[in-house]
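Engineer: The structure is given below, and queries will be raised subsequently.
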Amino acid sequence: MTTGEVRLRQRVDALLLQAEWNWFTRGARQLMWHWSPNFGWAMDSPIRGWNECLLTFVLAAGSARHPIDPGIYHEGFAVGPSFRNGRDHDGIVLPLGMNSGGPLFFSHYSFCGLDPRGLSDRYADYWQQNVSHTADQLSALRSQSP
């Protein structure tokens with residue numbers, strides 16, 4: 001590992017240690033976003049439903065200094081009509097996401113920093129979620145081709 005890599009890792013670790021994830025729950029059973037020093041919590045927006053924010057919950061629950069209770073994932077993120085899917089889309093079952101699966105960004109963004117292989121919980125095998133979501137989007141594109 002180069003000196004630059006070591007410095008980068010140290011900076012990332014320092015940032016992760018400073019993040020007060022529990023503060024972003026506002027004492028509730030959900031993570032909130034859209035706080036600003038000028039407007040506070042004016043947008044009052046909880047992070048929930050299947051989307052690109054899965055990594056936020058992984059980082060928040062795994063925080064060394066300011067973790068959230070892992071139940072906040074189950075009670076805050078893993079709720080709502082856009083979380084569980086389970087419907088068959090031309091032979092492809094999507095465990096999570098909106099009816100059409102939504103943009104691939106939803107599945108893929110969190111996995112830029114988190115390897116989905118072997119990652120599962122009571123809701124999904126996240127590797128299979130990615131494979132199914134991608135296959136569903138490809139199928140939709142093929143059906144639209146002239």
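A note on labels: chains of the structure tokens are A, B, ... as shown, every chain counts residues from 1, and ligands are counted from 1 in their shown order.
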May I have a table of the residues of segment 1-68 of chain A lying at most 12 Å from segment 105-114 of chain A, giving each one's closest pair of atoms and their distance in Å to one decimal, counting only C-alpha atoms, ordered by chain and ascending residue number, as CSV?
Structural biologist:
residue,atom,partner,partner_atom,distance
A:Gly49,CA,A:Phe106,CA,10.2
A:Trp50,CA,A:Phe106,CA,7.1
A:Asn51,CA,A:Phe106,CA,4.3
A:Glu52,CA,A:Phe106,CA,4.3
A:Cys53,CA,A:Ser110,CA,6.5
A:Leu54,CA,A:Ser110,CA,5.8
A:Leu55,CA,A:Ser110,CA,4.8
A:Thr56,CA,A:Ser110,CA,8.1
A:Phe57,CA,A:Ser110,CA,10.0
A:Val58,CA,A:Leu114,CA,8.8
A:Leu59,CA,A:Leu114,CA,10.0
Engineer: Would you save the residues of that selection, restricted to all heavy atoms, as a PDB file, in the first residue's frame?
Structural biologist:
ATOM      1  N   GLY A  49     -37.888   2.864   1.921  1.00  0.00           N
ATOM      2  CA  GLY A  49     -38.210   2.214   0.651  1.00  0.00           C
ATOM      3  C   GLY A  49     -36.949   1.797  -0.075  1.00  0.00           C
ATOM      4  O   GLY A  49     -35.856   2.287   0.205  1.00  0.00           O
ATOM      5  N   TRP A  50     -37.065   0.851  -0.983  1.00  0.00           N
ATOM      6  CA  TRP A  50     -35.893   0.378  -1.716  1.00  0.00           C
ATOM      7  C   TRP A  50     -35.395   1.462  -2.647  1.00  0.00           C
ATOM      8  O   TRP A  50     -36.112   1.934  -3.538  1.00  0.00           O
ATOM      9  CB  TRP A  50     -36.221  -0.884  -2.523  1.00  0.00           C
ATOM     10  CG  TRP A  50     -35.062  -1.321  -3.344  1.00  0.00           C
ATOM     11  CD1 TRP A  50     -34.967  -1.275  -4.698  1.00  0.00           C
ATOM     12  CD2 TRP A  50     -33.817  -1.824  -2.875  1.00  0.00           C
ATOM     13  NE1 TRP A  50     -33.738  -1.728  -5.107  1.00  0.00           N
ATOM     14  CE2 TRP A  50     -33.005  -2.076  -3.988  1.00  0.00           C
ATOM     15  CE3 TRP A  50     -33.289  -2.094  -1.611  1.00  0.00           C
ATOM     16  CZ2 TRP A  50     -31.721  -2.584  -3.890  1.00  0.00           C
ATOM     17  CZ3 TRP A  50     -32.015  -2.596  -1.519  1.00  0.00           C
ATOM     18  CH2 TRP A  50     -31.256  -2.842  -2.647  1.00  0.00           C
ATOM     19  N   ASN A  51     -34.159   1.900  -2.410  1.00  0.00           N
ATOM     20  CA  ASN A  51     -33.538   2.896  -3.269  1.00  0.00           C
ATOM     21  C   ASN A  51     -32.031   2.875  -3.051  1.00  0.00           C
ATOM     22  O   ASN A  51     -31.505   1.962  -2.411  1.00  0.00           O
ATOM     23  CB  ASN A  51     -34.130   4.289  -3.019  1.00  0.00           C
ATOM     24  CG  ASN A  51     -33.978   4.737  -1.580  1.00  0.00           C
ATOM     25  OD1 ASN A  51     -32.924   4.575  -0.978  1.00  0.00           O
ATOM     26  ND2 ASN A  51     -35.028   5.289  -1.008  1.00  0.00           N
ATOM     27  N   GLU A  52     -31.360   3.890  -3.512  1.00  0.00           N
ATOM     28  CA  GLU A  52     -29.912   3.952  -3.480  1.00  0.00           C
ATOM     29  C   GLU A  52     -29.326   4.213  -2.095  1.00  0.00           C
ATOM     30  O   GLU A  52     -28.113   4.284  -1.940  1.00  0.00           O
ATOM     31  CB  GLU A  52     -29.418   5.017  -4.463  1.00  0.00           C
ATOM     32  CG  GLU A  52     -29.727   6.452  -4.064  1.00  0.00           C
ATOM     33  CD  GLU A  52     -31.103   6.946  -4.468  1.00  0.00           C
ATOM     34  OE1 GLU A  52     -31.990   6.134  -4.809  1.00  0.00           O
ATOM     35  OE2 GLU A  52     -31.298   8.169  -4.459  1.00  0.00           O
ATOM     36  N   CYS A  53     -30.143   4.307  -1.077  1.00  0.00           N
ATOM     37  CA  CYS A  53     -29.676   4.670   0.264  1.00  0.00           C
ATOM     38  C   CYS A  53     -29.337   3.494   1.168  1.00  0.00           C
ATOM     39  O   CYS A  53     -29.050   3.688   2.344  1.00  0.00           O
ATOM     40  CB  CYS A  53     -30.707   5.558   0.941  1.00  0.00           C
ATOM     41  SG  CYS A  53     -30.895   7.132   0.101  1.00  0.00           S
ATOM     42  N   LEU A  54     -29.371   2.269   0.660  1.00  0.00           N
ATOM     43  CA  LEU A  54     -29.034   1.113   1.489  1.00  0.00           C
ATOM     44  C   LEU A  54     -27.682   1.290   2.170  1.00  0.00           C
ATOM     45  O   LEU A  54     -27.532   1.005   3.359  1.00  0.00           O
ATOM     46  CB  LEU A  54     -29.030  -0.162   0.650  1.00  0.00           C
ATOM     47  CG  LEU A  54     -28.551  -1.426   1.374  1.00  0.00           C
ATOM     48  CD1 LEU A  54     -29.515  -1.803   2.495  1.00  0.00           C
ATOM     49  CD2 LEU A  54     -28.412  -2.575   0.383  1.00  0.00           C
ATOM     50  N   LEU A  55     -26.693   1.784   1.458  1.00  0.00           N
ATOM     51  CA  LEU A  55     -25.363   1.957   2.023  1.00  0.00           C
ATOM     52  C   LEU A  55     -25.387   2.895   3.235  1.00  0.00           C
ATOM     53  O   LEU A  55     -24.626   2.713   4.178  1.00  0.00           O
ATOM     54  CB  LEU A  55     -24.388   2.462   0.960  1.00  0.00           C
ATOM     55  CG  LEU A  55     -22.931   2.574   1.380  1.00  0.00           C
ATOM     56  CD1 LEU A  55     -22.391   1.239   1.892  1.00  0.00           C
ATOM     57  CD2 LEU A  55     -22.083   3.080   0.230  1.00  0.00           C
ATOM     58  N   THR A  56     -26.259   3.884   3.226  1.00  0.00           N
ATOM     59  CA  THR A  56     -26.386   4.790   4.363  1.00  0.00           C
ATOM     60  C   THR A  56     -26.716   4.015   5.631  1.00  0.00           C
ATOM     61  O   THR A  56     -26.131   4.241   6.691  1.00  0.00           O
ATOM     62  CB  THR A  56     -27.488   5.840   4.093  1.00  0.00           C
ATOM     63  OG1 THR A  56     -27.207   6.501   2.875  1.00  0.00           O
ATOM     64  CG2 THR A  56     -27.586   6.838   5.220  1.00  0.00           C
ATOM     65  N   PHE A  57     -27.645   3.068   5.517  1.00  0.00           N
ATOM     66  CA  PHE A  57     -28.032   2.277   6.687  1.00  0.00           C
ATOM     67  C   PHE A  57     -26.918   1.332   7.123  1.00  0.00           C
ATOM     68  O   PHE A  57     -26.723   1.118   8.319  1.00  0.00           O
ATOM     69  CB  PHE A  57     -29.326   1.514   6.415  1.00  0.00           C
ATOM     70  CG  PHE A  57     -30.519   2.388   6.511  1.00  0.00           C
ATOM     71  CD1 PHE A  57     -30.928   3.142   5.425  1.00  0.00           C
ATOM     72  CD2 PHE A  57     -31.216   2.502   7.693  1.00  0.00           C
ATOM     73  CE1 PHE A  57     -32.017   3.982   5.512  1.00  0.00           C
ATOM     74  CE2 PHE A  57     -32.313   3.339   7.805  1.00  0.00           C
ATOM     75  CZ  PHE A  57     -32.715   4.085   6.706  1.00  0.00           C
ATOM     76  N   VAL A  58     -26.173   0.786   6.187  1.00  0.00           N
ATOM     77  CA  VAL A  58     -25.052  -0.094   6.532  1.00  0.00           C
ATOM     78  C   VAL A  58     -23.991   0.702   7.292  1.00  0.00           C
ATOM     79  O   VAL A  58     -23.496   0.271   8.338  1.00  0.00           O
ATOM     80  CB  VAL A  58     -24.463  -0.753   5.266  1.00  0.00           C
ATOM     81  CG1 VAL A  58     -23.179  -1.498   5.582  1.00  0.00           C
ATOM     82  CG2 VAL A  58     -25.484  -1.694   4.642  1.00  0.00           C
ATOM     83  N   LEU A  59     -23.653   1.880   6.777  1.00  0.00           N
ATOM     84  CA  LEU A  59     -22.669   2.724   7.458  1.00  0.00           C
ATOM     85  C   LEU A  59     -23.176   3.175   8.827  1.00  0.00           C
ATOM     86  O   LEU A  59     -22.431   3.177   9.807  1.00  0.00           O
ATOM     87  CB  LEU A  59     -22.327   3.941   6.600  1.00  0.00           C
ATOM     88  CG  LEU A  59     -21.549   3.668   5.321  1.00  0.00           C
ATOM     89  CD1 LEU A  59     -21.464   4.930   4.469  1.00  0.00           C
ATOM     90  CD2 LEU A  59     -20.165   3.139   5.634  1.00  0.00           C
TER      91      LEU A  59
END
Engineer: Excluding Asn99 of chain A and any residue of its chain fewer than 4 positions from it, enumerate the residues within 10 Å of it, using only C-alpha atoms, and give them as number ranges by chain.
Structural biologist: A: 81-89, 94
Engineer: Would you list, as a list in words, the residues of chain A that end up in strand (DSSP E or B) under DSSP run on this structure's backbone?
Structural biologist: Met32, Trp33, Ser36, Gly40, Ser45, Pro46, Arg84, Asp88, His89, Ile92, Val93, Leu96, Ser120 and Asp125 of chain A
Engineer: Grab the residues selected above and save them as a CSV table (one decimal), in the first residue's frame with all heavy atoms.
Structural biologist:
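Result went into selection_1.csv, see below:
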chain,number,residue,atom,x,y,z
A,32,MET,N,-33.2,10.4,8.9
A,32,MET,CA,-33.7,11.5,8.1
A,32,MET,C,-32.6,12.1,7.3
A,32,MET,O,-31.4,12.0,7.6
A,32,MET,CB,-34.3,12.6,9.0
A,32,MET,CG,-35.3,12.1,10.0
A,32,MET,SD,-36.9,11.6,9.2
A,32,MET,CE,-37.5,13.2,8.8
A,33,TRP,N,-33.0,12.8,6.2
A,33,TRP,CA,-32.0,13.5,5.5
A,33,TRP,C,-32.5,14.9,5.1
A,33,TRP,O,-33.6,15.2,5.5
A,33,TRP,CB,-31.5,12.8,4.3
A,33,TRP,CG,-32.5,12.4,3.2
A,33,TRP,CD1,-33.8,12.7,3.1
A,33,TRP,CD2,-32.2,11.6,2.0
A,33,TRP,NE1,-34.4,12.1,2.0
A,33,TRP,CE2,-33.4,11.4,1.3
A,33,TRP,CE3,-31.0,11.0,1.6
A,33,TRP,CZ2,-33.5,10.7,0.1
A,33,TRP,CZ3,-31.1,10.3,0.4
A,33,TRP,CH2,-32.3,10.2,-0.3
A,36,SER,N,-30.1,21.2,6.9
A,36,SER,CA,-29.1,22.2,6.4
A,36,SER,C,-29.0,23.2,7.6
A,36,SER,O,-30.0,23.4,8.3
A,36,SER,CB,-29.6,22.9,5.1
A,36,SER,OG,-30.5,23.9,5.4
A,40,GLY,N,-32.6,23.9,8.7
A,40,GLY,CA,-32.8,22.8,9.6
A,40,GLY,C,-33.4,21.6,9.0
A,40,GLY,O,-32.9,21.2,7.9
A,45,SER,N,-37.6,14.8,5.6
A,45,SER,CA,-37.6,13.7,4.7
A,45,SER,C,-37.0,12.4,5.3
A,45,SER,O,-35.8,12.4,5.4
A,45,SER,CB,-37.0,14.1,3.4
A,45,SER,OG,-37.1,13.1,2.4
A,46,PRO,N,-37.8,11.4,5.5
A,46,PRO,CA,-37.2,10.1,6.0
A,46,PRO,C,-36.6,9.3,4.8
A,46,PRO,O,-37.1,9.5,3.7
A,46,PRO,CB,-38.4,9.4,6.6
A,46,PRO,CG,-39.6,9.9,5.9
A,46,PRO,CD,-39.3,11.4,5.5
A,84,ARG,N,-40.8,-3.8,-0.7
A,84,ARG,CA,-40.9,-5.2,-1.1
A,84,ARG,C,-41.7,-5.3,-2.5
A,84,ARG,O,-42.6,-4.6,-2.7
A,84,ARG,CB,-41.7,-6.0,-0.1
A,84,ARG,CG,-40.9,-6.2,1.2
A,84,ARG,CD,-41.5,-7.3,2.0
A,84,ARG,NE,-40.8,-7.4,3.2
A,84,ARG,CZ,-40.8,-8.5,4.0
A,84,ARG,NH1,-41.4,-9.5,3.6
A,84,ARG,NH2,-40.1,-8.5,5.1
A,88,ASP,N,-43.7,-11.2,-10.3
A,88,ASP,CA,-43.1,-11.8,-11.5
A,88,ASP,C,-43.2,-10.8,-12.7
A,88,ASP,O,-44.3,-10.3,-13.0
A,88,ASP,CB,-43.8,-13.1,-11.8
A,88,ASP,CG,-43.1,-13.8,-13.0
A,88,ASP,OD1,-43.1,-13.3,-14.1
A,88,ASP,OD2,-42.5,-14.9,-12.7
A,89,HIS,N,-42.1,-10.5,-13.3
A,89,HIS,CA,-42.1,-9.6,-14.4
A,89,HIS,C,-41.5,-10.4,-15.6
A,89,HIS,O,-40.3,-10.5,-15.8
A,89,HIS,CB,-41.2,-8.4,-14.2
A,89,HIS,CG,-41.6,-7.6,-13.0
A,89,HIS,ND1,-42.3,-6.4,-13.1
A,89,HIS,CD2,-41.4,-7.8,-11.6
A,89,HIS,CE1,-42.5,-6.0,-11.9
A,89,HIS,NE2,-42.0,-6.8,-11.0
A,92,ILE,N,-39.1,-13.0,-14.4
A,92,ILE,CA,-38.1,-12.4,-13.5
A,92,ILE,C,-38.8,-11.9,-12.2
A,92,ILE,O,-39.6,-11.0,-12.3
A,92,ILE,CB,-37.3,-11.3,-14.2
A,92,ILE,CG1,-36.7,-11.8,-15.4
A,92,ILE,CG2,-36.3,-10.7,-13.2
A,92,ILE,CD1,-36.2,-10.7,-16.4
A,93,VAL,N,-38.4,-12.5,-11.1
A,93,VAL,CA,-39.0,-12.0,-9.8
A,93,VAL,C,-38.1,-11.0,-9.2
A,93,VAL,O,-36.9,-11.3,-9.0
A,93,VAL,CB,-39.2,-13.2,-8.9
A,93,VAL,CG1,-39.8,-12.7,-7.5
A,93,VAL,CG2,-40.2,-14.2,-9.5
A,96,LEU,N,-37.2,-6.8,-4.4
A,96,LEU,CA,-37.4,-5.4,-3.8
A,96,LEU,C,-37.6,-4.4,-4.9
A,96,LEU,O,-37.3,-4.7,-6.1
A,96,LEU,CB,-36.1,-5.0,-3.0
A,96,LEU,CG,-35.7,-5.9,-1.9
A,96,LEU,CD1,-34.3,-5.4,-1.4
A,96,LEU,CD2,-36.7,-6.1,-0.9
A,120,SER,N,-27.2,-11.0,2.4
A,120,SER,CA,-28.7,-11.2,2.4
A,120,SER,C,-29.2,-10.9,3.8
A,120,SER,O,-28.5,-10.8,4.8
A,120,SER,CB,-29.0,-12.6,2.0
A,120,SER,OG,-28.5,-13.5,2.9
A,125,ASP,N,-31.7,-11.5,-1.1
A,125,ASP,CA,-30.3,-11.8,-1.4
A,125,ASP,C,-29.9,-10.7,-2.3
A,125,ASP,O,-30.5,-10.6,-3.4
A,125,ASP,CB,-30.2,-13.2,-2.1
A,125,ASP,CG,-28.9,-13.5,-2.6
A,125,ASP,OD1,-28.2,-12.6,-3.2
A,125,ASP,OD2,-28.4,-14.7,-2.5
Engineer: Taking 5 positions as the minimum chain separation for residues in the same chain, which residues sit within 9 Å of Glu75 of chain A when counting only C-alpha atoms? Answer as a list in words.
Structural biologist: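 The filter keeps Arg29, Gln30 and Arg48 of chain A.
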Engineer: If you count only C-alpha atoms, which residues fall within 12 Å of Gly118 of chain A, apart from same-chain ones fewer than 3 positions away, as a PDB file with N, CA and C atoms, in the first residue's frame?
Structural biologist:
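Resulting contents of result-v1.pdb:
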ATOM      1  N   LEU A 114     -20.230  -1.499  -1.448  1.00  0.00           N
ATOM      2  CA  LEU A 114     -20.652  -2.665  -0.664  1.00  0.00           C
ATOM      3  C   LEU A 114     -20.824  -3.840  -1.623  1.00  0.00           C
ATOM      4  N   ASP A 115     -20.120  -4.922  -1.370  1.00  0.00           N
ATOM      5  CA  ASP A 115     -20.178  -6.084  -2.249  1.00  0.00           C
ATOM      6  C   ASP A 115     -21.453  -6.879  -1.952  1.00  0.00           C
ATOM      7  N   ASP A 121     -30.511 -10.657   3.838  1.00  0.00           N
ATOM      8  CA  ASP A 121     -31.230 -10.491   5.097  1.00  0.00           C
ATOM      9  C   ASP A 121     -32.633 -11.044   4.881  1.00  0.00           C
ATOM     10  N   ALA A 124     -34.056  -9.921   1.171  1.00  0.00           N
ATOM     11  CA  ALA A 124     -33.515 -10.276  -0.141  1.00  0.00           C
ATOM     12  C   ALA A 124     -32.109 -10.825  -0.030  1.00  0.00           C
ATOM     13  N   ASP A 125     -31.732 -11.547  -1.074  1.00  0.00           N
ATOM     14  CA  ASP A 125     -30.338 -11.844  -1.361  1.00  0.00           C
ATOM     15  C   ASP A 125     -29.950 -10.688  -2.290  1.00  0.00           C
ATOM     16  N   TYR A 126     -29.044  -9.827  -1.848  1.00  0.00           N
ATOM     17  CA  TYR A 126     -28.795  -8.591  -2.574  1.00  0.00           C
ATOM     18  C   TYR A 126     -28.050  -8.803  -3.885  1.00  0.00           C
ATOM     19  N   TRP A 127     -27.318  -9.883  -4.000  1.00  0.00           N
ATOM     20  CA  TRP A 127     -26.734 -10.221  -5.302  1.00  0.00           C
ATOM     21  C   TRP A 127     -27.856 -10.569  -6.272  1.00  0.00           C
ATOM     22  N   GLN A 128     -28.770 -11.418  -5.827  1.00  0.00           N
ATOM     23  CA  GLN A 128     -29.891 -11.817  -6.682  1.00  0.00           C
ATOM     24  C   GLN A 128     -30.771 -10.618  -7.018  1.00  0.00           C
ATOM     25  N   GLN A 129     -30.938  -9.697  -6.076  1.00  0.00           N
ATOM     26  CA  GLN A 129     -31.695  -8.472  -6.335  1.00  0.00           C
ATOM     27  C   GLN A 129     -31.067  -7.724  -7.513  1.00  0.00           C
TER      28      GLN A 129
END
Engineer: Could you pull out the residues in segment 12-97 of chain A that DSSP calls alpha helix (DSSP H) from the backbone, as an NGL selection string?
Structural biologist: :A and (12-18 or 54-61 or 71-72)
Engineer: Would you export the selected residues with N, CA and C atoms as an mmCIF file, in the first residue's frame, please?
Structural biologist:
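Wrote it out as result-v1.cif, contents follow:
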data_model
loop_
_atom_site.group_PDB
_atom_site.id
_atom_site.type_symbol
_atom_site.label_atom_id
_atom_site.label_comp_id
_atom_site.auth_asym_id
_atom_site.auth_seq_id
_atom_site.Cartn_x
_atom_site.Cartn_y
_atom_site.Cartn_z
ATOM 1 N N VAL A 12 -10.731 8.761 5.271
ATOM 2 C CA VAL A 12 -12.061 8.147 5.211
ATOM 3 C C VAL A 12 -12.466 7.641 6.585
ATOM 4 N N ASP A 13 -11.564 6.965 7.277
ATOM 5 C CA ASP A 13 -11.860 6.474 8.627
ATOM 6 C C ASP A 13 -12.215 7.620 9.561
ATOM 7 N N ALA A 14 -11.479 8.723 9.477
ATOM 8 C CA ALA A 14 -11.756 9.885 10.330
ATOM 9 C C ALA A 14 -13.153 10.440 10.053
ATOM 10 N N LEU A 15 -13.525 10.526 8.783
ATOM 11 C CA LEU A 15 -14.870 11.007 8.432
ATOM 12 C C LEU A 15 -15.948 10.079 8.986
ATOM 13 N N LEU A 16 -15.750 8.770 8.828
ATOM 14 C CA LEU A 16 -16.737 7.812 9.319
ATOM 15 C C LEU A 16 -16.884 7.886 10.833
ATOM 16 N N LEU A 17 -15.786 8.112 11.540
ATOM 17 C CA LEU A 17 -15.850 8.218 12.999
ATOM 18 C C LEU A 17 -16.590 9.474 13.442
ATOM 19 N N GLN A 18 -16.551 10.522 12.634
ATOM 20 C CA GLN A 18 -17.196 11.783 12.991
ATOM 21 C C GLN A 18 -18.693 11.809 12.687
ATOM 22 N N LEU A 54 -29.371 2.269 0.660
ATOM 23 C CA LEU A 54 -29.034 1.113 1.489
ATOM 24 C C LEU A 54 -27.682 1.290 2.170
ATOM 25 N N LEU A 55 -26.693 1.784 1.458
ATOM 26 C CA LEU A 55 -25.363 1.957 2.023
ATOM 27 C C LEU A 55 -25.387 2.895 3.235
ATOM 28 N N THR A 56 -26.259 3.884 3.226
ATOM 29 C CA THR A 56 -26.386 4.790 4.363
ATOM 30 C C THR A 56 -26.716 4.015 5.631
ATOM 31 N N PHE A 57 -27.645 3.068 5.517
ATOM 32 C CA PHE A 57 -28.032 2.277 6.687
ATOM 33 C C PHE A 57 -26.918 1.332 7.123
ATOM 34 N N VAL A 58 -26.173 0.786 6.187
ATOM 35 C CA VAL A 58 -25.052 -0.094 6.532
ATOM 36 C C VAL A 58 -23.991 0.702 7.292
ATOM 37 N N LEU A 59 -23.653 1.880 6.777
ATOM 38 C CA LEU A 59 -22.669 2.724 7.458
ATOM 39 C C LEU A 59 -23.176 3.175 8.827
ATOM 40 N N ALA A 60 -24.447 3.544 8.898
ATOM 41 C CA ALA A 60 -25.012 4.043 10.156
ATOM 42 C C ALA A 60 -25.101 2.952 11.218
ATOM 43 N N ALA A 61 -25.527 1.765 10.841
ATOM 44 C CA ALA A 61 -25.637 0.667 11.815
ATOM 45 C C ALA A 61 -24.263 0.162 12.234
ATOM 46 N N GLY A 71 -32.527 -1.939 14.179
ATOM 47 C CA GLY A 71 -33.974 -1.975 13.979
ATOM 48 C C GLY A 71 -34.489 -0.797 13.167
ATOM 49 N N ILE A 72 -33.720 0.281 13.139
ATOM 50 C CA ILE A 72 -34.130 1.446 12.353
ATOM 51 C C ILE A 72 -34.148 1.101 10.868
#
Engineer: Could you check how far atom CA of Asp90 of chain A sits from atom CA of Ala140 of chain A, in Å to one decimal?
Structural biologist: 9.4 Å
Engineer: Go through A:Thr25, A:Val131, A:Pro70, A:Leu8 one by one, measure the shortest atom-to-atom distance of each to Trp41 of chain A using only C-alpha atoms, and give the residue with the smallest value.
Structural biologist: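 Distance minimum relative to Trp41 of chain A lands on A:Thr25.
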Engineer: Check the smallest atom-to-atom distance from each of A:Tyr123, A:Ser143, A:Trp21, A:Ile47 to His34 of chain A using only C-alpha atoms, then report the winner.
Structural biologist: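 Result for the nearest residue to His34 of chain A: A:Ile47.
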Engineer: Find the distance between atom CA of Ala135 of chain A and atom CA of Ser100 of chain A and write it in Å to one decimal.
Structural biologist: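 Atom CA of Ser100 of chain A lies 11.6 Å from atom CA of Ala135 of chain A.
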